[in-house]
Structure formats: C-alpha cells, structure tokens
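Q: my_file-v3.pdb is the file, holding PDB, C-alpha atoms, pLDDT in the B column:
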```pdb
ATOM      1  CA  ASN J 780       0.000   0.000   0.000  1.00 43.00           C
ATOM      2  CA  THR J 781       1.183   3.518  -0.713  1.00 44.00           C
ATOM      3  CA  VAL J 782      -0.141   6.841   0.481  1.00 45.00           C
ATOM      4  CA  THR J 783       1.064  10.234  -0.713  1.00 47.00           C
ATOM      5  CA  ASN J 784       0.118  13.478   0.950  1.00 48.00           C
ATOM      6  CA  ARG J 785       1.247  17.073   1.041  1.00 42.00           C
ATOM      7  CA  THR J 786       1.913  18.822   4.315  1.00 41.00           C
ATOM      8  CA  GLN J 787       0.447  22.270   4.862  1.00 40.00           C
ATOM      9  CA  VAL J 788       2.240  22.819   8.179  1.00 39.00           C
ATOM     10  CA  GLU J 789       5.384  24.974   8.283  1.00 40.00           C
ATOM     11  CA  PRO J 790       7.434  23.505   9.741  1.00 42.00           C
ATOM     12  CA  PHE J 791       6.148  20.229  11.149  1.00 42.00           C
ATOM     13  CA  GLY J 792       7.891  18.134  13.743  1.00 47.00           C
ATOM     14  CA  MET J 793       6.241  14.738  13.645  1.00 49.00           C
ATOM     15  CA  LEU J 794       4.795  12.235  11.204  1.00 51.00           C
ATOM     16  CA  ALA J 795       2.034  10.126  12.735  1.00 52.00           C
ATOM     17  CA  VAL J 796       1.851   6.846  10.773  1.00 53.00           C
ATOM     18  CA  MET J 797      -0.764   4.123  11.087  1.00 49.00           C
ATOM     19  CA  PRO J 798      -0.028   1.238  11.261  1.00 47.00           C
ATOM     20  CA  GLY J 799       3.443   1.596  12.697  1.00 51.00           C
ATOM     21  CA  GLN J 800       4.947  -1.616  11.321  1.00 50.00           C
ATOM     22  CA  ASP J 801       6.555  -2.555   8.021  1.00 49.00           C
ATOM     23  CA  PHE J 802       6.458   0.825   6.341  1.00 48.00           C
ATOM     24  CA  GLU J 803       9.012   2.589   4.186  1.00 50.00           C
ATOM     25  CA  SER J 804       9.300   6.302   3.547  1.00 48.00           C
ATOM     26  CA  ARG J 805      10.900   8.714   1.134  1.00 45.00           C
ATOM     27  CA  GLY J 806      10.905  12.450   0.686  1.00 44.00           C
ATOM     28  CA  PHE J 807      11.943  13.371   4.182  1.00 44.00           C
ATOM     29  CA  THR J 808      14.749  12.982   6.704  1.00 41.00           C
ATOM     30  CA  GLY J 809      14.936  14.172  10.272  1.00 43.00           C
ATOM     31  CA  GLY J 810      12.787  17.083  11.358  1.00 46.00           C
ATOM     32  CA  PRO J 811      11.378  19.617  11.740  1.00 46.00           C
ATOM     33  CA  PHE J 812      10.400  18.959   8.152  1.00 45.00           C
ATOM     34  CA  THR J 813      10.735  21.845   5.722  1.00 45.00           C
ATOM     35  CA  PRO J 814       9.876  23.314   3.294  1.00 44.00           C
ATOM     36  CA  THR J 815       6.134  23.454   3.560  1.00 48.00           C
ATOM     37  CA  ASN J 816       4.016  21.893   0.816  1.00 50.00           C
ATOM     38  CA  TRP J 817       6.568  19.148   0.249  1.00 52.00           C
ATOM     39  CA  VAL J 818       5.399  15.750  -1.006  1.00 57.00           C
ATOM     40  CA  TYR J 819       5.961  12.835   1.378  1.00 58.00           C
ATOM     41  CA  THR J 820       5.285   9.254   0.347  1.00 60.00           C
ATOM     42  CA  LEU J 821       5.084   6.257   2.690  1.00 61.00           C
ATOM     43  CA  SER J 822       4.393   2.620   1.896  1.00 60.00           C
ATOM     44  CA  ASN J 823       4.019  -0.548   3.913  1.00 59.00           C
ATOM     45  CA  ALA J 824       4.755  -4.177   3.153  1.00 61.00           C
ATOM     46  CA  GLY J 825       1.419  -5.485   4.408  1.00 61.00           C
ATOM     47  CA  ASN J 826      -2.227  -5.202   3.482  1.00 63.00           C
ATOM     48  CA  ALA J 827      -3.327  -2.887   6.294  1.00 58.00           C
ATOM     49  CA  THR J 828      -4.651   0.543   5.398  1.00 61.00           C
ATOM     50  CA  LEU J 829      -1.834   3.082   5.644  1.00 58.00           C
ATOM     51  CA  SER J 830      -2.396   6.714   6.511  1.00 58.00           C
ATOM     52  CA  TRP J 831      -0.361   9.533   7.974  1.00 55.00           C
ATOM     53  CA  GLN J 832      -0.738  13.010   9.345  1.00 55.00           C
ATOM     54  CA  ALA J 833       1.743  15.834   9.829  1.00 54.00           C
ATOM     55  CA  ARG J 834       1.591  17.512  13.225  1.00 52.00           C
ATOM     56  CA  SER J 835       3.492  20.554  14.429  1.00 50.00           C
ATOM     57  CA  SER J 836       2.965  19.894  18.134  1.00 52.00           C
ATOM     58  CA  ASP J 837       0.838  18.013  20.664  1.00 51.00           C
ATOM     59  CA  CYS J 838       2.861  14.842  20.158  1.00 55.00           C
ATOM     60  CA  ALA J 839       1.461  11.944  22.157  1.00 59.00           C
ATOM     61  CA  GLY J 840       3.819   9.847  24.248  1.00 65.00           C
ATOM     62  CA  SER J 841       4.549   6.236  23.383  1.00 70.00           C
ATOM     63  CA  SER J 842       3.087   3.426  25.462  1.00 73.00           C
ATOM     64  CA  GLY J 843       5.265   2.731  28.486  1.00 83.00           C
ATOM     65  CA  LEU J 844       6.836   6.193  28.558  1.00 89.00           C
ATOM     66  CA  VAL J 845       7.243   7.270  32.197  1.00 94.00           C
ATOM     67  CA  ALA J 846       8.629  10.794  31.754  1.00 95.00           C
ATOM     68  CA  TRP J 847       9.264  13.398  29.059  1.00 93.00           C
ATOM     69  CA  TRP J 848      10.940  16.755  29.628  1.00 95.00           C
ATOM     70  CA  PRO J 849      10.552  18.801  26.391  1.00 91.00           C
ATOM     71  CA  LEU J 850      12.131  21.844  28.140  1.00 95.00           C
ATOM     72  CA  GLU J 851       9.675  24.301  26.634  1.00 91.00           C
ATOM     73  CA  GLY J 852      10.418  27.246  28.914  1.00 94.00           C
ATOM     74  CA  ASN J 853      10.353  25.058  32.031  1.00 96.00           C
ATOM     75  CA  ALA J 854      11.377  21.629  33.326  1.00 97.00           C
ATOM     76  CA  ALA J 855       7.858  20.168  33.530  1.00 95.00           C
ATOM     77  CA  ASP J 856       7.290  16.462  32.919  1.00 94.00           C
ATOM     78  CA  ASN J 857       4.731  16.251  30.116  1.00 89.00           C
ATOM     79  CA  ILE J 858       3.978  12.562  30.658  1.00 88.00           C
ATOM     80  CA  GLY J 859       4.433  11.736  34.341  1.00 89.00           C
ATOM     81  CA  THR J 860       4.581  13.559  37.658  1.00 93.00           C
ATOM     82  CA  ASN J 861       8.308  14.258  37.898  1.00 96.00           C
ATOM     83  CA  PRO J 862       8.992  17.959  37.359  1.00 97.00           C
ATOM     84  CA  GLY J 863      12.600  19.095  37.444  1.00 97.00           C
ATOM     85  CA  ALA J 864      14.396  22.129  38.830  1.00 97.00           C
ATOM     86  CA  VAL J 865      16.654  24.146  36.521  1.00 97.00           C
ATOM     87  CA  LEU J 866      19.974  24.782  38.283  1.00 96.00           C
ATOM     88  CA  GLY J 867      23.181  26.732  37.753  1.00 94.00           C
ATOM     89  CA  GLY J 868      21.838  29.443  35.480  1.00 92.00           C
ATOM     90  CA  ALA J 869      20.975  27.266  32.481  1.00 96.00           C
ATOM     91  CA  GLN J 870      19.259  29.318  29.782  1.00 96.00           C
ATOM     92  CA  PHE J 871      16.376  28.436  27.487  1.00 96.00           C
ATOM     93  CA  ALA J 872      17.252  28.762  23.808  1.00 95.00           C
ATOM     94  CA  SER J 873      16.037  27.613  20.398  1.00 90.00           C
ATOM     95  CA  GLY J 874      15.882  23.836  20.177  1.00 88.00           C
ATOM     96  CA  PHE J 875      15.484  21.234  17.477  1.00 83.00           C
ATOM     97  CA  VAL J 876      11.727  21.696  17.791  1.00 77.00           C
ATOM     98  CA  GLY J 877      10.587  24.541  20.005  1.00 82.00           C
ATOM     99  CA  GLN J 878      12.915  25.344  22.889  1.00 90.00           C
ATOM    100  CA  ALA J 879      15.843  23.651  24.607  1.00 95.00           C
ATOM    101  CA  LEU J 880      18.170  24.310  27.522  1.00 97.00           C
ATOM    102  CA  SER J 881      21.682  25.647  26.978  1.00 97.00           C
ATOM    103  CA  PHE J 882      24.246  24.497  29.565  1.00 96.00           C
ATOM    104  CA  ASP J 883      27.594  26.148  30.321  1.00 92.00           C
ATOM    105  CA  GLY J 884      29.390  22.829  30.945  1.00 89.00           C
ATOM    106  CA  ASN J 885      30.234  23.707  34.543  1.00 89.00           C
ATOM    107  CA  ASP J 886      27.229  23.414  36.840  1.00 92.00           C
ATOM    108  CA  ASP J 887      24.108  23.889  34.703  1.00 96.00           C
ATOM    109  CA  GLY J 888      21.537  21.129  34.748  1.00 97.00           C
ATOM    110  CA  VAL J 889      18.069  19.910  35.612  1.00 98.00           C
ATOM    111  CA  ARG J 890      17.558  17.914  38.815  1.00 98.00           C
ATOM    112  CA  ILE J 891      14.601  15.566  39.119  1.00 98.00           C
ATOM    113  CA  PRO J 892      14.071  14.080  42.602  1.00 97.00           C
ATOM    114  CA  ARG J 893      14.150  10.331  43.046  1.00 96.00           C
ATOM    115  CA  SER J 894      10.805   8.736  42.340  1.00 96.00           C
ATOM    116  CA  PRO J 895       9.349   5.214  42.229  1.00 97.00           C
ATOM    117  CA  SER J 896       8.066   5.897  38.713  1.00 96.00           C
ATOM    118  CA  LEU J 897      11.589   6.783  37.550  1.00 97.00           C
ATOM    119  CA  ASN J 898      13.081   3.619  39.027  1.00 97.00           C
ATOM    120  CA  VAL J 899      12.693   1.941  35.645  1.00 97.00           C
ATOM    121  CA  GLY J 900      15.512  -0.528  36.306  1.00 97.00           C
ATOM    122  CA  LEU J 901      12.992  -2.667  38.191  1.00 97.00           C
ATOM    123  CA  GLY J 902      11.192  -3.413  34.931  1.00 96.00           C
ATOM    124  CA  SER J 903      12.062  -5.639  31.997  1.00 96.00           C
ATOM    125  CA  GLY J 904      14.322  -3.036  30.440  1.00 96.00           C
ATOM    126  CA  LEU J 905      14.791   0.676  29.895  1.00 97.00           C
ATOM    127  CA  THR J 906      15.238   3.325  27.232  1.00 96.00           C
ATOM    128  CA  MET J 907      16.712   6.803  27.705  1.00 96.00           C
ATOM    129  CA  GLU J 908      17.086   9.274  24.866  1.00 95.00           C
ATOM    130  CA  ALA J 909      17.827  12.925  24.112  1.00 95.00           C
ATOM    131  CA  TRP J 910      18.364  15.448  21.348  1.00 93.00           C
ATOM    132  CA  ILE J 911      21.713  17.175  21.851  1.00 96.00           C
ATOM    133  CA  ASN J 912      23.656  19.954  20.101  1.00 95.00           C
ATOM    134  CA  PRO J 913      27.115  20.131  21.693  1.00 96.00           C
ATOM    135  CA  THR J 914      29.231  23.160  20.871  1.00 96.00           C
ATOM    136  CA  ASP J 915      32.380  21.318  21.975  1.00 96.00           C
ATOM    137  CA  ILE J 916      32.964  17.574  21.598  1.00 97.00           C
ATOM    138  CA  SER J 917      36.544  17.625  22.863  1.00 96.00           C
ATOM    139  CA  GLN J 918      35.535  17.503  26.541  1.00 95.00           C
ATOM    140  CA  GLN J 919      33.523  14.876  28.378  1.00 96.00           C
ATOM    141  CA  ARG J 920      30.083  16.090  29.408  1.00 96.00           C
ATOM    142  CA  PRO J 921      27.011  14.424  30.933  1.00 97.00           C
ATOM    143  CA  ILE J 922      23.804  14.125  28.939  1.00 98.00           C
ATOM    144  CA  ILE J 923      21.421  12.285  31.277  1.00 98.00           C
ATOM    145  CA  GLU J 924      22.008  10.062  34.282  1.00 98.00           C
ATOM    146  CA  TRP J 925      20.821   8.751  37.601  1.00 98.00           C
ATOM    147  CA  GLY J 926      23.079   9.527  40.530  1.00 96.00           C
ATOM    148  CA  ASP J 927      23.597  11.202  43.873  1.00 92.00           C
ATOM    149  CA  ALA J 928      26.184  11.350  46.649  1.00 89.00           C
ATOM    150  CA  SER J 929      25.636   7.679  47.504  1.00 88.00           C
ATOM    151  CA  ALA J 930      26.043   6.060  44.088  1.00 93.00           C
ATOM    152  CA  ILE J 931      26.373   6.475  40.334  1.00 95.00           C
ATOM    153  CA  GLY J 932      23.450   4.999  38.432  1.00 97.00           C
ATOM    154  CA  VAL J 933      22.793   4.492  34.731  1.00 98.00           C
ATOM    155  CA  GLN J 934      24.556   7.176  32.674  1.00 98.00           C
ATOM    156  CA  MET J 935      24.916   8.605  29.179  1.00 98.00           C
ATOM    157  CA  TRP J 936      27.800  11.015  28.498  1.00 98.00           C
ATOM    158  CA  ILE J 937      29.749  12.306  25.522  1.00 98.00           C
ATOM    159  CA  SER J 938      33.496  12.182  24.818  1.00 98.00           C
ATOM    160  CA  VAL J 939      34.644  10.238  27.897  1.00 97.00           C
ATOM    161  CA  ALA J 940      38.422   9.904  27.499  1.00 93.00           C
ATOM    162  CA  PRO J 941      38.978   6.221  28.369  1.00 91.00           C
ATOM    163  CA  PHE J 942      35.918   5.158  26.348  1.00 94.00           C
ATOM    164  CA  GLY J 943      36.198   6.477  22.814  1.00 93.00           C
ATOM    165  CA  GLY J 944      37.288  10.036  23.530  1.00 96.00           C
ATOM    166  CA  PRO J 945      36.122  13.097  21.567  1.00 97.00           C
ATOM    167  CA  GLY J 946      32.945  12.568  19.593  1.00 97.00           C
ATOM    168  CA  SER J 947      31.986   9.334  21.319  1.00 98.00           C
ATOM    169  CA  ILE J 948      28.781   8.360  23.094  1.00 98.00           C
ATOM    170  CA  PHE J 949      29.501   6.715  26.444  1.00 98.00           C
ATOM    171  CA  VAL J 950      27.034   4.685  28.501  1.00 98.00           C
ATOM    172  CA  ASN J 951      27.274   3.042  31.893  1.00 98.00           C
ATOM    173  CA  VAL J 952      24.576   0.581  32.932  1.00 98.00           C
ATOM    174  CA  SER J 953      25.326   0.374  36.643  1.00 97.00           C
ATOM    175  CA  GLU J 954      24.349  -2.797  38.454  1.00 96.00           C
ATOM    176  CA  THR J 955      25.403  -1.765  41.981  1.00 94.00           C
ATOM    177  CA  PRO J 956      27.357   1.232  43.342  1.00 93.00           C
ATOM    178  CA  ALA J 957      30.526  -0.821  42.770  1.00 93.00           C
ATOM    179  CA  THR J 958      29.578  -2.765  39.614  1.00 96.00           C
ATOM    180  CA  HIS J 959      29.466  -0.889  36.321  1.00 97.00           C
ATOM    181  CA  HIS J 960      28.945  -2.056  32.748  1.00 98.00           C
ATOM    182  CA  SER J 961      30.480   0.689  30.604  1.00 98.00           C
ATOM    183  CA  PHE J 962      31.148   0.967  26.894  1.00 98.00           C
ATOM    184  CA  ALA J 963      31.103   3.570  24.138  1.00 98.00           C
ATOM    185  CA  SER J 964      30.672   4.125  20.424  1.00 97.00           C
ATOM    186  CA  PRO J 965      33.445   6.391  19.040  1.00 97.00           C
ATOM    187  CA  ASN J 966      33.604   9.046  16.331  1.00 96.00           C
ATOM    188  CA  LEU J 967      29.911   9.819  16.062  1.00 96.00           C
ATOM    189  CA  LEU J 968      29.137  13.318  17.290  1.00 97.00           C
ATOM    190  CA  GLN J 969      29.631  16.597  15.458  1.00 95.00           C
ATOM    191  CA  PRO J 970      29.733  20.052  17.054  1.00 96.00           C
ATOM    192  CA  ASN J 971      26.914  22.528  16.485  1.00 95.00           C
ATOM    193  CA  VAL J 972      24.553  19.964  14.961  1.00 91.00           C
ATOM    194  CA  TRP J 973      21.357  18.510  16.446  1.00 91.00           C
ATOM    195  CA  GLN J 974      21.800  14.768  16.972  1.00 91.00           C
ATOM    196  CA  HIS J 975      19.631  12.093  18.576  1.00 92.00           C
ATOM    197  CA  VAL J 976      21.212   9.696  21.080  1.00 94.00           C
ATOM    198  CA  ALA J 977      19.632   6.787  22.930  1.00 95.00           C
ATOM    199  CA  LEU J 978      20.435   3.852  25.175  1.00 97.00           C
ATOM    200  CA  THR J 979      18.308   0.736  25.542  1.00 96.00           C
ATOM    201  CA  TYR J 980      18.763  -2.227  27.860  1.00 97.00           C
ATOM    202  CA  ASN J 981      16.866  -5.487  27.468  1.00 97.00           C
ATOM    203  CA  LYS J 982      17.019  -7.327  30.768  1.00 97.00           C
ATOM    204  CA  ASN J 983      15.835 -10.681  29.409  1.00 97.00           C
ATOM    205  CA  ALA J 984      18.459 -10.696  26.660  1.00 97.00           C
ATOM    206  CA  GLY J 985      21.110  -8.983  28.788  1.00 98.00           C
ATOM    207  CA  VAL J 986      21.923  -6.634  25.900  1.00 98.00           C
ATOM    208  CA  ALA J 987      22.568  -2.876  25.972  1.00 98.00           C
ATOM    209  CA  THR J 988      22.454  -0.839  22.753  1.00 97.00           C
ATOM    210  CA  ILE J 989      23.601   2.662  21.836  1.00 97.00           C
ATOM    211  CA  TYR J 990      21.617   4.357  19.072  1.00 94.00           C
ATOM    212  CA  PHE J 991      22.757   7.383  17.083  1.00 92.00           C
ATOM    213  CA  ASN J 992      20.212   9.187  14.912  1.00 88.00           C
ATOM    214  CA  GLY J 993      17.952   6.140  15.020  1.00 86.00           C
ATOM    215  CA  ALA J 994      20.551   3.567  13.965  1.00 89.00           C
ATOM    216  CA  ILE J 995      22.419   1.040  16.117  1.00 93.00           C
ATOM    217  CA  ALA J 996      25.891   2.411  16.808  1.00 96.00           C
ATOM    218  CA  GLN J 997      27.122  -0.137  19.363  1.00 97.00           C
ATOM    219  CA  GLN J 998      25.693  -3.178  21.092  1.00 97.00           C
ATOM    220  CA  GLN J 999      27.081  -5.209  23.968  1.00 97.00           C
ATOM    221  CA  SER J1000      26.043  -8.217  26.045  1.00 98.00           C
ATOM    222  CA  ILE J1001      26.370  -7.153  29.668  1.00 98.00           C
ATOM    223  CA  GLY J1002      24.260  -9.791  31.439  1.00 98.00           C
ATOM    224  CA  SER J1003      20.844  -9.794  33.058  1.00 98.00           C
ATOM    225  CA  PHE J1004      20.481  -7.701  36.218  1.00 98.00           C
ATOM    226  CA  THR J1005      18.510  -4.802  37.710  1.00 98.00           C
ATOM    227  CA  PRO J1006      20.070  -1.475  36.633  1.00 98.00           C
ATOM    228  CA  LEU J1007      20.582   1.169  39.287  1.00 97.00           C
ATOM    229  CA  THR J1008      17.908   3.840  38.706  1.00 98.00           C
ATOM    230  CA  SER J1009      16.733   4.628  42.225  1.00 96.00           C
ATOM    231  CA  GLN J1010      18.671   7.901  42.666  1.00 96.00           C
ATOM    232  CA  GLU J1011      17.999  11.437  41.514  1.00 97.00           C
ATOM    233  CA  PHE J1012      17.763  11.912  37.769  1.00 98.00           C
ATOM    234  CA  TRP J1013      19.837  14.602  36.056  1.00 98.00           C
ATOM    235  CA  ILE J1014      19.850  16.304  32.685  1.00 98.00           C
ATOM    236  CA  GLY J1015      23.206  17.966  32.054  1.00 96.00           C
ATOM    237  CA  ARG J1016      25.127  19.239  35.125  1.00 85.00           C
TER
END
```
Would you mind writing the file's structure down as structure tokens?

A:
Amino acid sequence: NTVTNRTQVEPFGMLAVMPGQDFESRGFTGGPFTPTNWVYTLSNAGNATLSWQARSSDCAGSSGLVAWWPLEGNAADNIGTNPGAVLGGAQFASGFVGQALSFDGNDDGVRIPRSPSLNVGLGSGLTMEAWINPTDISQQRPIIEWGDASAIGVQMWISVAPFGGPGSIFVNVSETPATHHSFASPNLLQPNVWQHVALTYNKNAGVATIYFNGAIAQQQSIGSFTPLTSQEFWIGR
C-alpha cells in the first residue's frame, strides 16, 4: 500500500503513521520537516490501510513512557509527575523543535528528585534518549544520568576519554554502586549539529544498545540484572 500526501504545516515536527509496522518512507529525513508543501510518500509491506498526518505539536507519548521533559520554557514532565528544577543558570534557547536548555558545561543542569516511577531498572528493560547539540565535543560532558552522593546509576555522556574520547557516546549501565557495565561508540558526534542519542537495555536478553540518529551504533552483552535507577535523575550538570 502507498499513500502520498502534502503537508500544509510549516514547519512540522512529527509524522504520525498508522499502522506503525513494516512501512518505508521517502521524501523526508529528520525534522522539523521543511519546506512546507513538500510531497511525502510512505508505503508498507502489508495489506493494512496506511495513513499519515503531519503535526506541528501536541505529540502523544509512546506506550510505556514514564517521563518526558521537552524543556519548553520550564522543566515540567509532560507525561508523568516528575517535574525538574533548573539549576546553575541554564538558559532556554532555540531547540530542534521549540525550545531547549543551553548548559555552560560547569554546573548547569536539571535535577529531578528520586521517584518510584523513575526507578525503571525494576522493569524488563529501559530506554533513555535525548536530542543534543554540543558546541564542543573535545571535553567529556554528561547528557542524562541517575546519581547522587551515595552512588552512580545508569549514565549517558559524551566524549569520555577512556571510552572512545572526543565525539563518542559513552554509557554506563550500573548494576550496583561498585559494579558498572560501561562501553562507548566512538567518532559519532559533530559540534553545532542537532543529533539524537539513545540507550536501551533489554534485561531478558542482557543486551545494551547505543543508538545514534535512530541507527544502532554499538551493542554489547552485559548480562541480566537490575540497573541502578533509584537515585535522583539529572539532565546535564
């Protein structure tokens, strides 16, 4: 099946596709999608009716999503009940879609208090993701992580020296305060460009995966355990 439509939204930030399986697309990459009035064609491999809609905002969260901080002028959680506090003088600026937070690399960040709903390590797996636009990829910086004075939890950083160095995506799936499962995917990031980064962990399979712009960048078998996600959650810092 194939469906072709023409967006009238300038720009638009999301394609809503039904059904969500076995479809191919052409005429667009990334987002927000510009110019307006561009032709976008999608097709699926099955027999189900295929349709799509361009939306500029009001994006619904995926099933199983426990928190989403779009950073649109505040640190509110648009999905759950875990608002954050902006610390260190971080400034709101233009983002990939809408607004974002700009950090100085010293002490700026968003702190989200520990919460049972954010203790996702107790489940069958976890996913953490972010859009980032680093101005400098030569220095190691945190993206998102769990952690406090008592322990380091699951982490995602950039450019960690012993794990890939400049331009790398580093992850640490902590098992206990003293047991860490760390690895990285090198030579990925570019300065002054919006890029999507993600980490998934499948507890049943014991596999952690780094994604870069939607594609698998690195995958590692680290064993089956309960990741440490019971501490405060941080964006930046």

Q: Counting all atoms listed in the file, find residues at most 10 Å from (17.9, 24.2, 16.3) (file frame) and give them as an MDAnalysis selection string.

A: chainID J and resid 811 872:879 911:912 971:973

Q: Mind telling me what the PyMOL selection byres ((chain J and resi 896) around 12) catches here, as a PyMOL selection string?

A: chain J and resi 843-846+858-861+891-895+897-902+1008-1012

Q: I need the output of the PyMOL selection byres ((chain J and resi 952) around 7) for this file as an NGL selection string; which residues are they?

A: :J and (933-934 or 950-951 or 953-954 or 959-961 or 1006)

Q: Quick one: apply the PyMOL selection byres ((chain J and resi 944) around 10) to the file and drop the selected residues here as a list in words.

A: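 Against this file, the PyMOL selection byres ((chain J and resi 944) around 10) returns the residues Ile916, Ser917, Gln918, Gln919, Ile937, Ser938, Val939, Ala940, Pro941, Phe942, Gly943, Pro945, Gly946, Ser947, Ile948, Phe949, Ala963, Ser964, Pro965 and Asn966 of chain J.
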
Q: Please produce a file of those selected residues containing C-alpha atoms, as a compact mmCIF listing (two decimals), in the frame of the given file.

A:
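Below you can see out.txt, which holds the result:
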```
# COMPACT_ATOMS: atom_id res chain seq x y z
CA ILE J 916 32.96 17.57 21.60
CA SER J 917 36.54 17.62 22.86
CA GLN J 918 35.53 17.50 26.54
CA GLN J 919 33.52 14.88 28.38
CA ILE J 937 29.75 12.31 25.52
CA SER J 938 33.50 12.18 24.82
CA VAL J 939 34.64 10.24 27.90
CA ALA J 940 38.42 9.90 27.50
CA PRO J 941 38.98 6.22 28.37
CA PHE J 942 35.92 5.16 26.35
CA GLY J 943 36.20 6.48 22.81
CA PRO J 945 36.12 13.10 21.57
CA GLY J 946 32.94 12.57 19.59
CA SER J 947 31.99 9.33 21.32
CA ILE J 948 28.78 8.36 23.09
CA PHE J 949 29.50 6.72 26.44
CA ALA J 963 31.10 3.57 24.14
CA SER J 964 30.67 4.12 20.42
CA PRO J 965 33.44 6.39 19.04
CA ASN J 966 33.60 9.05 16.33
```

Q: Grab the CA of Ile1014 (chain J) to CA of Ile922 (chain J) distance for me, in Å with one decimal place.

A: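 Result for CA of Ile1014 (chain J) versus CA of Ile922 (chain J): 5.9 Å, one decimal.
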
Q: For a test of reading the model, state the distance in Å between CA of Gly1002 (chain J) and CA of Ser842 (chain J), rounded to one decimal.

A: 25.7 Å
